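A.B. asks: So I've got this file, run-v1.txt, and it contains compact mmCIF, C-alpha atoms:
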```txt
# COMPACT_ATOMS: atom_id res chain seq x y z
CA MET A 1 14.18 -25.95 74.09
CA THR A 2 17.26 -26.18 76.28
CA LEU A 3 20.92 -26.44 75.42
CA ASN A 4 23.00 -28.49 77.85
CA TRP A 5 26.73 -29.09 78.01
CA GLU A 6 29.73 -29.52 80.23
CA TRP A 7 32.97 -27.61 79.89
CA LYS A 8 36.28 -27.18 81.64
CA THR A 9 39.40 -25.04 81.38
CA ASP A 10 42.44 -24.82 83.60
CA ALA A 11 43.21 -21.15 82.96
CA LEU A 12 41.64 -17.90 81.85
CA ILE A 13 43.21 -15.83 79.08
CA ALA A 14 45.39 -13.01 80.41
CA GLY A 15 44.45 -9.71 78.80
CA ALA A 16 41.23 -10.97 77.19
CA ASP A 17 38.11 -8.82 77.34
CA ASN A 18 35.10 -9.71 75.18
CA ARG A 19 33.93 -6.09 75.26
CA ASP A 20 37.02 -4.97 73.32
CA LYS A 21 37.33 -6.18 69.70
CA ASP A 22 41.13 -6.15 69.94
CA ARG A 23 41.12 -8.46 73.02
CA GLU A 24 37.98 -10.50 72.27
CA ASP A 25 39.15 -14.02 73.20
CA ALA A 26 37.72 -16.71 75.49
CA PRO A 27 38.96 -20.08 76.72
CA LEU A 28 35.49 -21.60 76.24
CA ARG A 29 32.64 -20.74 73.87
CA VAL A 30 29.54 -22.62 72.78
CA LEU A 31 27.87 -21.05 69.74
CA VAL A 32 24.31 -21.56 68.57
CA ALA A 33 23.35 -20.39 65.07
CA PHE A 34 19.76 -19.49 64.17
CA ASP A 35 17.91 -19.06 60.89
CA GLY A 36 15.79 -15.99 60.30
CA ASP A 37 14.45 -13.50 57.77
CA ILE A 38 17.44 -11.60 56.38
CA ALA A 39 15.06 -9.27 54.52
CA SER A 40 13.95 -7.89 57.90
CA LEU A 41 17.45 -6.56 58.65
CA SER A 42 18.84 -3.12 57.91
CA GLU A 43 20.32 -2.43 54.49
CA ALA A 44 23.84 -2.38 55.99
CA GLU A 45 23.35 -5.83 57.56
CA ARG A 46 21.87 -7.23 54.35
CA LYS A 47 24.98 -6.00 52.50
CA ARG A 48 27.21 -7.76 55.05
CA PHE A 49 25.29 -10.98 54.47
CA SER A 50 25.65 -10.58 50.71
CA ARG A 51 29.41 -9.90 50.95
CA ALA A 52 29.89 -12.91 53.22
CA LYS A 53 28.01 -15.16 50.79
CA ASN A 54 30.04 -13.82 47.85
CA LEU A 55 33.30 -14.49 49.72
CA THR A 56 32.45 -17.93 51.08
CA GLY A 57 29.81 -19.20 48.68
CA ARG A 58 27.62 -20.01 51.69
CA GLU A 59 24.87 -18.37 53.67
CA ILE A 60 25.94 -17.19 57.11
CA PRO A 61 23.65 -17.61 60.13
CA TYR A 62 20.95 -15.02 60.64
CA ALA A 63 21.93 -14.71 64.32
CA VAL A 64 24.37 -16.31 66.74
CA LEU A 65 24.26 -16.68 70.50
CA MET A 66 27.74 -17.25 71.88
CA TYR A 67 27.94 -18.58 75.43
CA ILE A 68 31.30 -17.68 76.99
CA TRP A 69 33.49 -18.11 80.06
CA THR A 70 35.09 -14.76 80.91
CA ASP A 71 36.71 -13.06 83.84
CA GLN A 72 35.82 -9.48 82.92
CA VAL A 73 32.03 -9.37 83.48
CA PRO A 74 29.56 -11.12 85.78
CA VAL A 75 27.48 -14.13 84.78
CA GLY A 76 24.38 -13.00 82.91
CA THR A 77 26.08 -10.10 81.13
CA LEU A 78 25.13 -9.75 77.47
CA ILE A 79 27.96 -8.46 75.27
CA PRO A 80 27.23 -7.32 71.71
CA SER A 81 29.88 -8.24 69.16
CA ALA A 82 32.04 -5.37 68.00
CA HIS A 83 31.97 -6.87 64.51
CA THR A 84 28.25 -7.37 63.79
CA SER A 85 24.88 -6.86 65.45
CA ARG A 86 24.02 -10.48 64.56
CA VAL A 87 26.32 -12.00 67.21
CA LYS A 88 25.66 -11.63 70.94
CA MET A 89 27.83 -13.11 73.68
CA LEU A 90 26.35 -14.19 77.00
CA ALA A 91 28.62 -14.78 80.00
CA VAL A 92 27.53 -18.05 81.60
CA SER A 93 30.73 -18.61 83.60
CA SER A 94 33.00 -15.94 85.04
CA GLY A 95 36.15 -15.79 87.09
CA SER A 96 38.64 -18.37 88.26
CA GLY A 97 36.60 -20.09 90.98
CA ASP A 98 35.78 -23.19 88.93
CA LEU A 99 38.99 -23.56 86.96
CA GLY A 100 40.08 -27.16 86.53
CA ARG A 101 36.60 -28.55 87.27
CA TRP A 102 33.87 -29.66 84.91
CA GLN A 103 30.90 -27.30 84.94
CA SER A 104 27.41 -28.29 83.80
CA VAL A 105 25.53 -25.58 81.95
CA ARG A 106 21.83 -25.56 81.02
CA ARG A 107 20.36 -22.70 78.98
CA ASN A 108 16.87 -21.95 77.72
CA LEU A 109 17.55 -20.98 74.10
CA ALA A 110 14.31 -19.06 73.55
CA ASP A 111 14.75 -16.98 76.72
CA ASP A 112 18.39 -16.20 75.93
CA TYR A 113 17.58 -15.30 72.32
CA LYS A 114 14.79 -12.96 73.45
CA LYS A 115 17.18 -11.29 75.90
CA ALA A 116 19.77 -10.86 73.16
CA TYR A 117 17.60 -9.92 70.17
CA GLY A 118 14.22 -8.89 71.59
CA ALA A 119 12.30 -11.41 69.49
CA ASP A 120 11.48 -15.10 69.27
CA PRO A 121 14.23 -17.23 67.69
CA GLY A 122 14.05 -18.95 64.34
CA PRO A 123 15.10 -22.58 63.99
CA VAL A 124 18.51 -23.64 65.27
CA SER A 125 20.79 -24.23 62.29
CA GLY A 126 23.95 -25.29 64.08
CA VAL A 127 25.95 -25.65 67.29
CA ALA A 128 29.72 -25.24 67.54
CA VAL A 129 32.47 -24.88 70.13
CA MET A 130 35.46 -22.59 70.04
CA THR A 131 38.52 -21.92 72.15
CA ASP A 132 40.29 -18.88 70.73
CA THR A 133 43.27 -16.65 71.43
CA ASP A 134 43.82 -14.95 68.08
CA ASN A 135 43.56 -11.43 69.49
CA THR A 136 45.72 -11.85 72.60
CA GLY A 137 48.25 -14.17 70.96
CA THR A 138 48.25 -16.42 74.01
CA MET A 139 47.35 -20.08 74.47
CA ALA A 140 44.27 -21.74 75.95
CA VAL A 141 42.90 -25.24 76.38
CA GLY A 142 39.18 -25.93 76.57
CA SER A 143 37.38 -29.22 77.04
CA TYR A 144 33.74 -29.78 76.06
CA SER A 145 31.43 -32.74 76.66
CA ASN A 146 27.82 -33.93 76.33
CA ILE A 147 26.51 -31.08 74.19
CA ARG A 148 22.83 -31.66 73.49
CA ILE A 149 19.60 -29.85 72.71
CA ASP A 150 16.55 -31.08 74.59
CA CYS A 151 13.14 -30.31 73.14
CA GLU A 152 10.30 -30.28 75.66
CA GLY A 153 7.61 -32.83 74.97
CA ARG A 154 9.89 -35.18 73.02
```
Mind turning the file's structure into structure tokens?

C.D. replies:
Amino acid sequence: MTLNWEWKTDALIAGADNRDKDREDAPLRVLVAFDGDIASLSEAERKRFSRAKNLTGREIPYAVLMYIWTDQVPVGTLIPSAHTSRVKMLAVSSGSGDLGRWQSVRRNLADDYKKAYGADPGPVSGVAVMTDTDNTGTMAVGSYSNIRIDCEGR
């Protein structure tokens, strides 16, 4: 199963660094949520899931892969979230070389999930996009197009 999309931004976020929870912003993110067996997680993670459900009234994803454009690490770098072990960021674009131009991205979801979590993924439960600057207090513009999941053999 592959995830395909195009994205574009005209500027990176000054001061952002996805390795630092206080500067964890990105001009472009594509997120993929996966289902899984919450009972297989540690007691601390199960408690986080329970608190989140109590606060929101909804189940949160078992795991999330977050594809990002960054300027702090090379393409292919896996960055664990500082907030939870159930979110992993993967740099798929880095630096300013392609600013202002549409980039096409194609990712093998199973391979990326195995790299991030060391296991086969559960079913995809959602796909989202996000441009965020809440930690740096700056501004960013991200454009996204043609997001699709292709299943082999279909």

A.B. asks: Determine the nearest neighbour of Ala16 (chain A) from the options A:Asp37, A:Glu43, A:Asp71, A:Asp112, counting all atoms listed in the file.

C.D. replies: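 Smallest distance to Ala16 (chain A) is found for A:Asp71.
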
A.B. asks: Using only C-alpha atoms, find the one residue out of A:Ala116, A:Ala11, A:Leu55, A:Leu28 that sits nearest to Ser81 (chain A).

C.D. replies: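 Counting only C-alpha atoms, the residue closest to Ser81 (chain A) is A:Ala116.
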
A.B. asks: In the coordinate frame of the file, compute which residues have an atom within 12 Å of (18.0, -10.3, 58.0) when using all atoms listed in the file, and state them as a list in words.

C.D. replies: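 The requested residues, written out, are Phe34, Asp35, Gly36, Asp37, Ile38, Ala39, Ser40, Leu41, Ser42, Glu43, Ala44, Glu45, Arg46, Lys47, Arg48, Phe49, Ser50, Glu59, Ile60, Pro61, Tyr62, Ala63, Ser85, Arg86 and Gly122 of chain A.
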
A.B. asks: So, counting all atoms listed in the file, which residue among A:Ile13, A:Val141, A:Met1, A:Leu65 is closest to Ser96 (chain A)?

C.D. replies: A:Ile13

A.B. asks: Between CA of Trp102 (chain A) and CA of Thr136 (chain A), what is the spacing in Å?

C.D. replies: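 Value for the CA of Thr136 (chain A)-CA of Trp102 (chain A) distance: 24.7 Å.
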
A.B. asks: Write out as a PyMOL selection string the residues lying within 12 Å of Trp5 (chain A), counting only C-alpha atoms and excluding same-chain residues fewer than 2 positions away.

C.D. replies: chain A and resi 2-3+7-8+28-31+67+92+102-107+127-129+143-150

A.B. asks: Near region 17-22 of chain A, within 12 Å and counting all atoms listed in the file, which residues show up once chain neighbours fewer than 5 positions away are dropped, as a VMD selection string?

C.D. replies: chain A and resid 12 27 to 29 66 to 73 77 to 84 88 to 91 94 132 to 137

A.B. asks: By how many Å are CA of Lys115 (chain A) and CA of Val32 (chain A) apart?

C.D. replies: 14.5 Å

A.B. asks: I'd like to know which of A:Gly95, A:Pro121, A:Gly57, A:Gly15 is closest to Pro74 (chain A), using all atoms listed in the file.

C.D. replies: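 Nearest candidate to Pro74 (chain A) out of A:Gly95, A:Pro121, A:Gly57, A:Gly15: A:Gly95.
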
A.B. asks: CA of Asn4 (chain A) to CA of Pro123 (chain A): how many Å, to one decimal?

C.D. replies: 17.0 Å

A.B. asks: So which one's closest to Glu24 (chain A), A:Asn54, A:Glu152, A:Thr131, A:Glu6? Using all atoms listed in the file, please.

C.D. replies: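 Once distances to Glu24 (chain A) are computed over all atoms listed in the file, the minimum belongs to A:Thr131.
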
A.B. asks: Just checking: using all atoms listed in the file, which residue out of A:Thr56, A:Tyr113, A:Ser125, A:Ala14 ends up closest to Val87 (chain A)?

C.D. replies: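 With all atoms listed in the file as the atom set, the closest residue is A:Tyr113.
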
A.B. asks: Kindly list the centre and edge lengths in Å, rounded to one decimal, for the axis-aligned box that covers all listed atoms of region 26-40 of chain A plus 5 Å on each of its six sides, as lines of an AutoDock Vina configuration file.

C.D. replies:
```
center_x = 26.5
center_y = -15.3
center_z = 65.6
size_x = 35.0
size_y = 24.7
size_z = 32.2
```
